[in-house]
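The data block below is upload26.txt; it holds compact mmCIF, C-alpha atoms and all ligand atoms.
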```txt
# COMPACT_ATOMS: atom_id res chain seq x y z
CA MET A 1 -73.79 -13.69 130.21
CA THR A 2 -71.25 -11.09 129.09
CA ARG A 3 -68.13 -10.32 131.11
CA SER A 4 -69.33 -6.69 131.39
CA HIS A 5 -72.56 -7.91 132.96
CA GLU A 6 -70.66 -10.10 135.43
CA LEU A 7 -68.39 -7.20 136.35
CA PHE A 8 -71.38 -4.88 136.76
CA LEU A 9 -73.12 -7.35 139.09
CA ALA A 10 -69.94 -7.72 141.16
CA ALA A 11 -69.36 -3.96 141.25
CA GLN A 12 -72.76 -3.24 142.76
CA LYS A 13 -71.99 -5.24 145.90
CA HIS A 14 -69.63 -2.64 147.36
CA ILE A 15 -69.88 0.38 145.03
CA PRO A 16 -73.10 2.47 144.96
CA GLY A 17 -74.67 1.73 141.58
CA GLY A 18 -71.52 -0.14 140.60
CA VAL A 19 -69.85 3.08 139.41
CA ASN A 20 -67.60 5.76 140.87
CA SER A 21 -69.27 8.62 138.98
CA PRO A 22 -73.03 8.56 138.32
CA VAL A 23 -73.29 9.26 134.60
CA ARG A 24 -71.23 6.14 133.85
CA ALA A 25 -74.22 4.06 134.98
CA PHE A 26 -76.21 4.60 131.73
CA LYS A 27 -79.15 5.99 133.75
CA GLY A 28 -79.82 8.53 130.98
CA VAL A 29 -80.09 5.92 128.23
CA GLY A 30 -81.13 2.73 130.03
CA GLY A 31 -79.29 -0.57 130.03
CA GLU A 32 -76.02 -1.46 131.68
CA PRO A 33 -72.60 0.15 131.46
CA VAL A 34 -69.89 -1.43 129.36
CA PHE A 35 -66.80 -2.26 131.44
CA ILE A 36 -63.55 -1.25 129.78
CA ASP A 37 -60.47 -3.42 129.62
CA HIS A 38 -58.04 -1.12 127.81
CA ALA A 39 -57.83 1.73 125.32
CA SER A 40 -55.49 2.98 122.64
CA GLY A 41 -55.69 6.00 120.32
CA ALA A 42 -59.31 6.59 119.31
CA TYR A 43 -60.47 3.19 120.56
CA MET A 44 -61.64 1.57 123.77
CA VAL A 45 -61.94 -2.19 124.15
CA ASP A 46 -64.46 -3.63 126.59
CA ALA A 47 -64.13 -6.61 128.91
CA ASP A 48 -65.66 -8.85 126.23
CA GLY A 49 -63.09 -7.78 123.62
CA LYS A 50 -65.44 -5.53 121.62
CA ARG A 51 -63.80 -2.40 120.19
CA TYR A 52 -65.45 1.03 120.13
CA ILE A 53 -64.56 4.31 118.45
CA ASP A 54 -64.64 6.52 121.52
CA TYR A 55 -66.21 9.99 121.58
CA ILE A 56 -66.06 10.44 125.36
CA GLY A 57 -62.29 10.42 125.76
CA SER A 58 -62.63 9.97 129.52
CA TRP A 59 -65.02 12.97 129.40
CA GLY A 60 -62.46 15.21 127.80
CA PRO A 61 -58.88 14.56 128.93
CA MET A 62 -57.81 12.18 126.14
CA ILE A 63 -57.46 14.88 123.49
CA CYS A 64 -54.26 13.19 122.20
CA GLY A 65 -55.92 9.78 122.20
CA HIS A 66 -55.78 7.00 124.75
CA ALA A 67 -52.44 5.66 125.99
CA HIS A 68 -50.41 7.98 123.78
CA PRO A 69 -46.94 6.34 123.68
CA GLU A 70 -45.11 9.55 124.62
CA VAL A 71 -47.41 10.25 127.57
CA ILE A 72 -47.16 6.67 128.80
CA GLU A 73 -43.37 6.71 128.51
CA ALA A 74 -43.08 10.01 130.38
CA VAL A 75 -45.36 8.71 133.14
CA ARG A 76 -43.41 5.45 133.35
CA GLU A 77 -40.17 7.37 133.81
CA ALA A 78 -41.72 9.66 136.42
CA ALA A 79 -43.25 6.76 138.34
CA VAL A 80 -39.94 5.05 139.07
CA ARG A 81 -38.72 8.23 140.79
CA GLY A 82 -41.60 8.09 143.27
CA LEU A 83 -45.36 8.50 143.19
CA SER A 84 -45.83 11.39 145.60
CA PHE A 85 -43.58 13.47 147.84
CA GLY A 86 -45.84 15.98 149.60
CA ALA A 87 -43.07 18.48 148.90
CA PRO A 88 -42.54 20.75 145.90
CA THR A 89 -40.95 19.60 142.63
CA GLY A 90 -39.74 21.45 139.56
CA LEU A 91 -42.42 19.71 137.52
CA GLU A 92 -45.10 21.84 139.17
CA THR A 93 -43.32 25.03 138.14
CA GLN A 94 -42.88 23.73 134.60
CA LEU A 95 -46.60 23.03 134.26
CA ALA A 96 -47.58 26.31 135.97
CA ASP A 97 -45.28 28.27 133.62
CA ARG A 98 -46.71 26.55 130.55
CA VAL A 99 -50.32 27.02 131.64
CA CYS A 100 -49.75 30.72 132.37
CA GLU A 101 -48.12 31.11 128.94
CA LEU A 102 -51.06 29.51 127.15
CA VAL A 103 -54.11 30.82 129.04
CA PRO A 104 -54.52 34.59 128.60
CA SER A 105 -56.08 35.35 132.02
CA MET A 106 -53.58 33.44 134.13
CA ASP A 107 -50.72 35.18 135.95
CA MET A 108 -50.59 32.56 138.70
CA VAL A 109 -52.06 29.10 139.11
CA ARG A 110 -52.66 26.57 141.91
CA MET A 111 -52.92 22.87 141.07
CA THR A 112 -55.65 20.66 142.52
CA SER A 113 -56.56 17.02 141.96
CA SER A 114 -59.93 17.50 140.23
CA GLY A 115 -62.10 20.04 138.45
CA THR A 116 -64.45 20.05 141.43
CA GLU A 117 -61.69 21.17 143.76
CA ALA A 118 -60.68 23.85 141.28
CA THR A 119 -64.16 25.39 141.02
CA MET A 120 -64.86 25.04 144.74
CA SER A 121 -61.58 26.81 145.52
CA ALA A 122 -62.23 29.51 142.89
CA ILE A 123 -65.60 30.29 144.48
CA ARG A 124 -64.03 30.52 147.94
CA LEU A 125 -61.34 32.78 146.53
CA ALA A 126 -63.93 35.05 144.88
CA ARG A 127 -65.87 35.28 148.14
CA GLY A 128 -62.72 35.90 150.16
CA PHE A 129 -61.42 38.50 147.71
CA THR A 130 -64.66 40.49 147.45
CA GLY A 131 -66.00 39.94 150.96
CA ARG A 132 -69.36 39.03 149.38
CA ASP A 133 -71.37 35.78 149.57
CA LYS A 134 -73.65 35.62 146.54
CA ILE A 135 -72.58 33.87 143.36
CA ILE A 136 -74.25 33.62 139.98
CA LYS A 137 -74.32 30.48 137.86
CA PHE A 138 -76.39 29.45 134.85
CA GLU A 139 -78.99 26.73 134.66
CA GLY A 140 -77.63 23.54 133.09
CA CYS A 141 -73.99 24.47 133.69
CA TYR A 142 -72.06 21.98 135.81
CA HIS A 143 -69.09 23.08 137.84
CA GLY A 144 -68.33 19.93 139.79
CA HIS A 145 -70.13 18.79 142.93
CA GLY A 146 -69.16 21.46 145.45
CA ASP A 147 -72.18 22.37 147.60
CA SER A 148 -72.54 25.94 146.33
CA LEU A 149 -72.54 24.73 142.74
CA LEU A 150 -75.04 21.86 142.89
CA VAL A 151 -77.92 24.24 142.23
CA LYS A 152 -79.76 23.74 138.92
CA ALA A 153 -76.66 21.83 137.85
CA GLY A 154 -76.06 19.99 134.58
CA SER A 155 -74.25 16.75 133.67
CA GLY A 156 -75.00 13.68 135.82
CA ALA A 157 -77.01 15.79 138.29
CA LEU A 158 -79.34 16.67 135.41
CA THR A 159 -79.33 13.20 133.84
CA LEU A 160 -80.33 11.68 137.19
CA GLY A 161 -82.93 14.38 137.86
CA VAL A 162 -81.21 15.87 140.93
CA PRO A 163 -80.00 19.28 139.71
CA ASN A 164 -80.55 20.51 143.30
CA SER A 165 -79.00 17.71 145.34
CA PRO A 166 -80.36 16.76 148.75
CA GLY A 167 -77.63 17.33 151.32
CA VAL A 168 -76.83 20.87 150.22
CA PRO A 169 -77.91 23.15 153.11
CA ALA A 170 -80.61 25.63 152.04
CA ALA A 171 -78.67 28.33 153.90
CA LEU A 172 -75.79 27.80 151.45
CA ALA A 173 -77.85 27.22 148.29
CA GLU A 174 -79.69 30.52 148.80
CA HIS A 175 -76.44 32.32 148.01
CA THR A 176 -76.33 30.71 144.55
CA LEU A 177 -78.41 32.72 142.11
CA THR A 178 -79.23 30.92 138.88
CA LEU A 179 -79.95 32.59 135.57
CA ASP A 180 -80.62 31.38 132.01
CA TYR A 181 -77.52 30.69 129.92
CA ASN A 182 -77.13 33.14 127.04
CA ASN A 183 -79.62 35.62 128.57
CA ALA A 184 -77.63 38.85 128.98
CA ASP A 185 -80.72 40.89 129.93
CA GLN A 186 -81.29 38.75 133.02
CA VAL A 187 -77.69 39.24 134.07
CA ARG A 188 -77.92 43.03 133.71
CA GLU A 189 -81.23 43.14 135.57
CA LEU A 190 -79.93 41.09 138.50
CA PHE A 191 -76.77 43.17 138.81
CA ALA A 192 -78.82 46.37 138.69
CA ARG A 193 -80.81 45.09 141.69
CA MET A 194 -78.07 43.57 143.84
CA GLY A 195 -74.72 44.00 142.10
CA ASP A 196 -72.91 45.02 145.30
CA GLU A 197 -73.74 41.67 146.96
CA ILE A 198 -72.35 39.48 144.18
CA ALA A 199 -68.91 37.94 144.61
CA CYS A 200 -68.66 36.35 141.18
CA ILE A 201 -70.22 34.92 138.08
CA ILE A 202 -69.09 31.40 137.23
CA VAL A 203 -69.81 30.23 133.70
CA GLU A 204 -68.84 27.53 131.24
CA PRO A 205 -67.78 29.77 128.32
CA VAL A 206 -69.05 26.98 126.08
CA ALA A 207 -71.58 24.95 128.04
CA GLY A 208 -70.74 21.27 127.79
CA ASN A 209 -72.86 19.78 130.55
CA MET A 210 -76.28 20.31 128.97
CA ASN A 211 -75.10 18.87 125.68
CA CYS A 212 -72.99 21.50 123.86
CA ILE A 213 -74.14 25.14 123.83
CA PRO A 214 -71.86 27.90 122.54
CA PRO A 215 -72.21 31.42 123.91
CA LEU A 216 -74.33 33.77 121.81
CA PRO A 217 -72.47 36.83 120.49
CA GLY A 218 -72.25 39.42 123.26
CA PHE A 219 -73.10 37.09 126.16
CA LEU A 220 -69.57 36.63 127.54
CA GLU A 221 -68.80 40.30 126.84
CA CYS A 222 -71.84 41.28 128.90
CA LEU A 223 -70.62 39.15 131.83
CA ARG A 224 -67.24 40.91 131.68
CA GLU A 225 -68.89 44.31 131.58
CA VAL A 226 -71.24 43.84 134.56
CA CYS A 227 -68.52 42.26 136.71
CA ASP A 228 -66.25 45.24 136.01
CA ALA A 229 -69.02 47.72 136.75
CA HIS A 230 -69.92 46.09 140.09
CA GLY A 231 -66.59 44.85 141.44
CA ALA A 232 -67.48 41.17 141.03
CA LEU A 233 -65.07 38.55 139.68
CA LEU A 234 -65.71 36.70 136.44
CA ILE A 235 -64.78 33.01 136.60
CA PHE A 236 -64.56 31.00 133.40
CA ASP A 237 -64.88 27.32 134.18
CA GLU A 238 -62.67 25.94 131.43
CA VAL A 239 -62.37 22.47 132.94
CA MET A 240 -63.89 21.16 129.71
CA THR A 241 -63.03 23.87 127.17
CA GLY A 242 -59.44 24.50 128.32
CA PHE A 243 -56.88 23.49 125.64
CA ARG A 244 -59.78 21.90 123.70
CA VAL A 245 -61.73 24.60 121.88
CA ALA A 246 -58.44 26.44 121.20
CA LEU A 247 -54.89 26.29 122.54
CA GLY A 248 -55.67 29.18 124.92
CA GLY A 249 -59.17 27.89 125.70
CA ALA A 250 -62.51 29.62 125.15
CA GLN A 251 -61.14 32.91 126.50
CA ALA A 252 -58.65 33.00 123.64
CA LEU A 253 -61.29 31.96 121.10
CA TYR A 254 -63.87 34.55 122.17
CA GLN A 255 -61.33 37.13 123.36
CA VAL A 256 -63.00 37.75 126.70
CA THR A 257 -60.63 37.60 129.65
CA PRO A 258 -61.98 36.40 132.99
CA ASP A 259 -60.43 37.24 136.37
CA VAL A 260 -60.15 33.60 137.37
CA THR A 261 -60.06 30.44 135.26
CA THR A 262 -60.59 26.86 136.36
CA LEU A 263 -59.02 23.96 134.48
CA GLY A 264 -59.14 20.17 134.66
CA LYS A 265 -59.36 17.19 132.31
CA VAL A 266 -56.83 17.94 129.50
CA ILE A 267 -54.38 19.62 131.90
CA GLY A 268 -53.81 16.22 133.53
CA GLY A 269 -53.69 14.18 130.31
CA GLY A 270 -55.81 11.48 131.99
CA MET A 271 -54.34 11.72 135.49
CA PRO A 272 -56.38 13.38 138.27
CA VAL A 273 -55.63 17.11 137.95
CA GLY A 274 -57.42 20.42 138.19
CA ALA A 275 -56.19 23.98 138.53
CA PHE A 276 -57.42 27.47 139.22
CA GLY A 277 -55.60 30.65 138.45
CA GLY A 278 -55.94 34.21 137.30
CA ARG A 279 -55.00 37.77 138.01
CA ARG A 280 -51.95 38.09 140.24
CA ASP A 281 -53.65 40.42 142.75
CA VAL A 282 -56.52 37.95 143.11
CA MET A 283 -54.31 34.86 143.37
CA GLN A 284 -52.19 36.58 146.02
CA HIS A 285 -55.16 36.05 148.35
CA VAL A 286 -54.54 32.28 148.28
CA ALA A 287 -52.72 30.62 151.22
CA PRO A 288 -49.85 30.68 152.13
CA ILE A 289 -49.35 34.23 150.79
CA GLY A 290 -52.96 35.21 151.44
CA PRO A 291 -55.75 34.35 153.87
CA VAL A 292 -58.01 32.21 151.63
CA TYR A 293 -57.26 28.63 152.61
CA GLN A 294 -56.82 25.95 149.97
CA ALA A 295 -54.69 22.78 150.04
CA GLY A 296 -54.26 19.19 148.83
CA THR A 297 -52.17 16.18 149.87
CA LEU A 298 -51.74 15.05 146.27
CA SER A 299 -51.94 18.48 144.58
CA GLY A 300 -49.16 18.90 142.03
CA ASN A 301 -48.57 15.16 142.04
CA PRO A 302 -45.44 14.38 139.98
CA ILE A 303 -47.08 11.73 137.80
CA ALA A 304 -50.05 13.97 137.07
CA MET A 305 -47.79 16.95 136.31
CA THR A 306 -45.78 14.78 133.92
CA ALA A 307 -48.85 13.54 132.05
CA GLY A 308 -50.14 17.12 131.84
CA LEU A 309 -46.85 18.54 130.62
CA LYS A 310 -46.48 15.93 127.90
CA THR A 311 -50.10 16.37 126.80
CA LEU A 312 -49.70 20.16 126.58
CA GLU A 313 -46.49 19.65 124.61
CA LEU A 314 -48.29 17.39 122.12
CA LEU A 315 -51.26 19.71 121.68
CA SER A 316 -49.00 22.73 121.23
CA ALA A 317 -47.81 21.29 117.89
CA PRO A 318 -48.51 23.74 115.06
CA GLY A 319 -51.96 23.23 113.56
CA PHE A 320 -53.14 20.81 116.27
CA HIS A 321 -56.39 22.65 117.01
CA ASP A 322 -57.10 23.36 113.35
CA ARG A 323 -56.84 19.64 112.64
CA LEU A 324 -58.93 18.73 115.68
CA THR A 325 -61.60 21.25 114.70
CA ALA A 326 -61.64 20.00 111.10
CA LYS A 327 -62.06 16.39 112.26
CA THR A 328 -64.92 17.37 114.53
CA LYS A 329 -66.59 19.34 111.74
CA THR A 330 -66.29 16.38 109.35
CA LEU A 331 -67.98 14.19 111.93
CA VAL A 332 -70.80 16.58 112.76
CA ASP A 333 -71.49 17.57 109.14
CA GLY A 334 -71.50 13.90 108.17
CA ILE A 335 -74.00 12.96 110.86
CA MET A 336 -76.24 15.91 110.00
CA ALA A 337 -76.21 14.87 106.33
CA VAL A 338 -77.23 11.28 107.06
CA ALA A 339 -79.91 12.49 109.50
CA LYS A 340 -81.34 14.66 106.73
CA ASN A 341 -81.34 11.70 104.34
CA ALA A 342 -83.08 9.58 106.95
CA GLY A 343 -85.69 12.30 107.55
CA VAL A 344 -84.76 12.52 111.25
CA PRO A 345 -84.92 16.10 112.55
CA MET A 346 -81.59 16.92 114.21
CA THR A 347 -79.51 19.98 115.06
CA SER A 348 -75.86 20.20 116.06
CA ASN A 349 -73.42 22.54 117.76
CA GLN A 350 -69.64 22.44 117.51
CA VAL A 351 -66.79 24.44 118.98
CA GLY A 352 -63.27 23.15 118.27
CA GLY A 353 -62.99 19.54 119.41
CA MET A 354 -66.34 19.59 121.22
CA PHE A 355 -69.74 18.83 119.72
CA GLY A 356 -73.41 18.30 120.51
CA LEU A 357 -76.15 16.41 118.67
CA PHE A 358 -79.79 17.28 119.37
CA PHE A 359 -82.89 15.36 118.38
CA THR A 360 -85.10 18.36 117.72
CA ASP A 361 -86.77 20.17 114.84
CA GLN A 362 -85.58 23.53 116.18
CA PRO A 363 -82.94 25.04 113.92
CA THR A 364 -80.79 26.17 116.87
CA VAL A 365 -80.37 25.17 120.52
CA SER A 366 -78.90 27.90 122.71
CA ASN A 367 -80.14 27.46 126.28
CA PHE A 368 -81.30 24.94 128.83
CA ALA A 369 -85.02 25.29 128.02
CA GLU A 370 -84.33 24.50 124.37
CA VAL A 371 -82.20 21.49 125.33
CA GLY A 372 -85.19 20.36 127.41
CA HIS A 373 -87.37 20.20 124.27
CA CYS A 374 -85.14 17.60 122.64
CA ASP A 375 -86.24 13.98 122.36
CA THR A 376 -84.18 12.17 124.99
CA ALA A 377 -85.94 8.83 124.41
CA ARG A 378 -84.90 8.97 120.77
CA PHE A 379 -81.35 9.85 121.82
CA GLY A 380 -81.36 6.75 124.06
CA ARG A 381 -82.31 4.52 121.12
CA PHE A 382 -79.69 6.18 118.92
CA PHE A 383 -77.05 5.77 121.65
CA HIS A 384 -77.70 2.03 121.96
CA ALA A 385 -77.78 1.49 118.20
CA MET A 386 -74.43 3.28 117.92
CA LEU A 387 -72.94 1.32 120.82
CA ASP A 388 -74.04 -1.85 119.12
CA LYS A 389 -72.21 -0.76 115.97
CA GLY A 390 -69.02 -0.02 117.89
CA VAL A 391 -69.37 3.73 118.50
CA TYR A 392 -69.16 4.94 122.08
CA LEU A 393 -71.05 8.21 122.64
CA ALA A 394 -71.68 9.81 126.04
CA PRO A 395 -74.56 7.90 127.67
CA SER A 396 -76.75 10.97 128.16
CA ALA A 397 -78.42 13.56 125.94
CA TYR A 398 -76.99 16.22 128.27
CA GLU A 399 -73.30 15.70 127.60
CA ALA A 400 -71.00 17.12 124.95
CA GLY A 401 -69.03 14.78 122.70
CA PHE A 402 -65.24 14.90 122.29
CA VAL A 403 -63.02 14.10 119.35
CA SER A 404 -59.31 13.34 119.73
CA ILE A 405 -56.44 14.04 117.38
CA MET A 406 -56.15 10.25 116.87
CA HIS A 407 -59.56 9.91 115.21
CA SER A 408 -58.66 9.07 111.61
CA ASP A 409 -60.72 9.87 108.51
CA GLU A 410 -61.70 6.18 108.44
CA ASP A 411 -62.85 6.33 112.06
CA LEU A 412 -64.98 9.37 111.30
CA GLN A 413 -66.44 7.79 108.15
CA GLN A 414 -67.20 4.54 110.01
CA THR A 415 -68.99 6.62 112.65
CA ILE A 416 -71.03 8.48 110.03
CA ASP A 417 -71.93 5.15 108.37
CA ALA A 418 -72.94 3.75 111.75
CA ALA A 419 -75.10 6.84 112.36
CA ALA A 420 -76.80 6.39 108.96
CA ALA A 421 -77.65 2.79 109.86
CA ALA A 422 -78.70 3.70 113.41
CA LEU A 423 -80.94 6.55 112.27
CA ALA A 424 -82.59 4.28 109.71
CA GLU A 425 -83.46 1.88 112.53
CA LEU A 426 -85.03 4.57 114.78
N1 LIG B 501 -66.45 21.99 135.54
C1 LIG B 501 -66.82 21.54 134.33
C2 LIG B 501 -67.14 22.52 133.25
C3 LIG B 501 -66.86 20.16 134.09
O1 LIG B 501 -67.23 19.74 132.88
C4 LIG B 501 -66.53 19.27 135.13
C5 LIG B 501 -66.55 17.77 134.93
N2 LIG B 501 -67.28 17.28 133.91
C6 LIG B 501 -66.16 19.80 136.38
C7 LIG B 501 -66.12 21.16 136.53
C8 LIG B 501 -65.78 18.90 137.50
O2 LIG B 501 -64.58 18.28 137.27
P1 LIG B 501 -64.20 16.89 138.01
O3 LIG B 501 -65.19 15.88 137.52
O4 LIG B 501 -62.80 16.63 137.61
O5 LIG B 501 -64.33 17.14 139.47
```
How does the structure come out when it is put into structure tokens?
Amino acid sequence: MTRSHELFLAAQKHIPGGVNSPVRAFKGVGGEPVFIDHASGAYMVDADGKRYIDYIGSWGPMICGHAHPEVIEAVREAAVRGLSFGAPTGLETQLADRVCELVPSMDMVRMTSSGTEATMSAIRLARGFTGRDKIIKFEGCYHGHGDSLLVKAGSGALTLGVPNSPGVPAALAEHTLTLDYNNADQVRELFARMGDEIACIIVEPVAGNMNCIPPLPGFLECLREVCDAHGALLIFDEVMTGFRVALGGAQALYQVTPDVTTLGKVIGGGMPVGAFGGRRDVMQHVAPIGPVYQAGTLSGNPIAMTAGLKTLELLSAPGFHDRLTAKTKTLVDGIMAVAKNAGVPMTSNQVGGMFGLFFTDQPTVSNFAEVGHCDTARFGRFFHAMLDKGVYLAPSAYEAGFVSIMHSDEDLQQTIDAAAAALAEL
């Protein structure tokens, strides 16, 4: 019996499914989760001492690699001064200033402790600001597990087959209108019918919770245009894409500026952090200067702010995102080449340090329906073959992959070699 298996059995006694977030349970690929002992750089080491090249990176935050010495040292220094004060610190201002410098749409920002809180708060703000109830999201996009957003949701909700979760009141869900990602005509048509009832559109500017789907040319621009024409707010959920697809996030890459942006993952460098921010006149509706209530006991936590600040400092180094993008391209191109050699039909998407692999004979995958045509059983076999060979991919065909700046050329080549062997076995 492996140590991971023992830990998994023990975990299930008091933790539902033995995990504290569903997609960790390997439900999308079968088998049992690997329990992690420690991690460093591009690698994670499990409870049995096996090392993996990691392409999850804690689902995005570890863009500078695991346990980066400078981040750990900064956190260590911060920790001895106290873990939480429930009163403001200068660290919060430092991180807010830096975030507003980097992200084009942000004049003001409020810190939260998770991406879910950030999106939930952004939706409340949009409703409070516009005085309207209806929101638009896109099928297969995941914006955390706030009630209004668990409608046709992606990520673990999709992997587990509960995109519309029980427990969300129908009276609330009916205010969430869901359209097809990358379908600008649908957006225009819906706004033409009921534009004056819509508080906001929330969108992942690169969808990363139904595998990885970039926006088609014109899609984000269309969202900007209809929101402007109808007095609705445009929210970019950059919890995943923020500081990853470019230094200024997807809004900098595609040059479309939302009214409100949500952040998470990278902004906390591995500590629990989220944030929402945007136009000054919109953010001035947030308590205590405005009437829209939003709060958090641990929001702006000094350890989390410190990890975030150090991570943003590291990824602001000249050429960081060019190098990250090049590494990711090497990986994806390499895997596509070995798939071709093996005669396995595959397609890929990549934006910056984010990528998606699809087992399909379609040349492109650009919406949820097309993701649905991919061979998830084959992905499951590929996942396990890769895990066996020491490569840790996300345990679901509906998740994006992440590369860190610590992935070396040798790591990438080892991964491509592992993929060649795995694909030959399929
Ligand atoms: N939005 C997006 C785009 C995400 O990818 C996620 C998490 N995967 C969330 C929101 C929710 O963030 P958290 O898990 O920190 O609550």
Near-Met62 (chain A) list (12 Å; all atoms listed in the file; drop same-chain fewer than 4 positions) as a VMD selection string: chain A and resid 39 to 44 54 to 58 66 to 68 71 240 243 to 244 264 to 271 307 to 308 311 to 312 314 to 315 353 402 to 407
Within-6 Å residues of ligand LIG 501 (chain B), basis all atoms listed in the file, as a PyMOL selection string: chain A and resi 114-116+142-144+204+237-240+264
For Ala192 (chain A): contacts at 10 Å, only C-alpha atoms, fewer than 4 positions along chain excluded, given as a ChimeraX atom specification: /A:186-188,196,226,230
Generate a file of the selected residues that holds C-alpha atoms, formatted as a compact mmCIF listing (two decimals), in the frame of the given file.
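Final output, again-v9.txt:
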```txt
# COMPACT_ATOMS: atom_id res chain seq x y z
CA GLN A 186 -81.29 38.75 133.02
CA VAL A 187 -77.69 39.24 134.07
CA ARG A 188 -77.92 43.03 133.71
CA ASP A 196 -72.91 45.02 145.30
CA VAL A 226 -71.24 43.84 134.56
CA HIS A 230 -69.92 46.09 140.09
```
Residue neighbourhood Pro345 (chain A), 9 Å, only C-alpha atoms, exclusion window fewer than 2 positions, as a list in words: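 After dropping sequence-adjacent residues, the list is Ala339, Lys340, Ala342, Gly343, Thr347, Phe358, Phe359, Thr360, Asp361 and Gln362 of chain A.
When all atoms listed in the file are used to measure the gap to Asp259 (chain A), the shortest distance among A:Gly231, A:Pro22, A:Gly242, A:Gly390 belongs to A:Gly231.
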A:Pro33, A:Gly277, A:Gly352, A:Gly208 ranked by distance to Lys329 (chain A), top pick (using all atoms listed in the file):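 Under the stated criterion, the closest residue is A:Gly352.
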All residues 12 Å or closer to Arg381 (chain A), all atoms listed in the file, same chain fewer than 2 positions away omitted, as number ranges by chain: A: 28-31, 359, 375-379, 383-388, 393, 395-397, 419, 422-426
CA of Phe368 (chain A) to CA of Val103 (chain A), straight-line distance in Å: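 Going from CA of Val103 (chain A) over to CA of Phe368 (chain A), I get 27.8 Å.
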CA of Leu263 (chain A) to CA of Asn183 (chain A), straight-line distance in Å: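 For CA of Asn183 (chain A) relative to CA of Leu263 (chain A), the distance reads 24.4 Å.
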Separation of CA of Arg98 (chain A) from CA of Gly278 (chain A), in Å and rounded to one decimal: 13.8 Å
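Shortest separation to Cys200 (chain A) among A:Thr241, A:Ser155, A:Thr119, A:Ser4 occurs at residue A:Thr119, atoms counted being all atoms listed in the file.
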Residue neighbourhood Gln284 (chain A), 12 Å, only C-alpha atoms, exclusion window fewer than 4 positions, as JSON, numbers by chain: {"A": [107, 108, 109, 110, 125, 126, 128, 129, 277, 278, 279, 280, 288, 289, 290, 291, 292, 293]}
Centre and edge lengths of an axis-aligned box around all listed atoms of region 74-89 of chain A, with 3 Å added on each side, are to be given in Å to one decimal, as lines of an AutoDock Vina configuration file.
```
center_x = -42.3
center_y = 12.9
center_z = 140.0
size_x = 13.1
size_y = 21.7
size_z = 25.2
```
Nearest residue to Thr176 (chain A) from the set A:Glu117, A:Asp133, A:Glu189, A:Asp37 (distances using only C-alpha atoms): A:Asp133
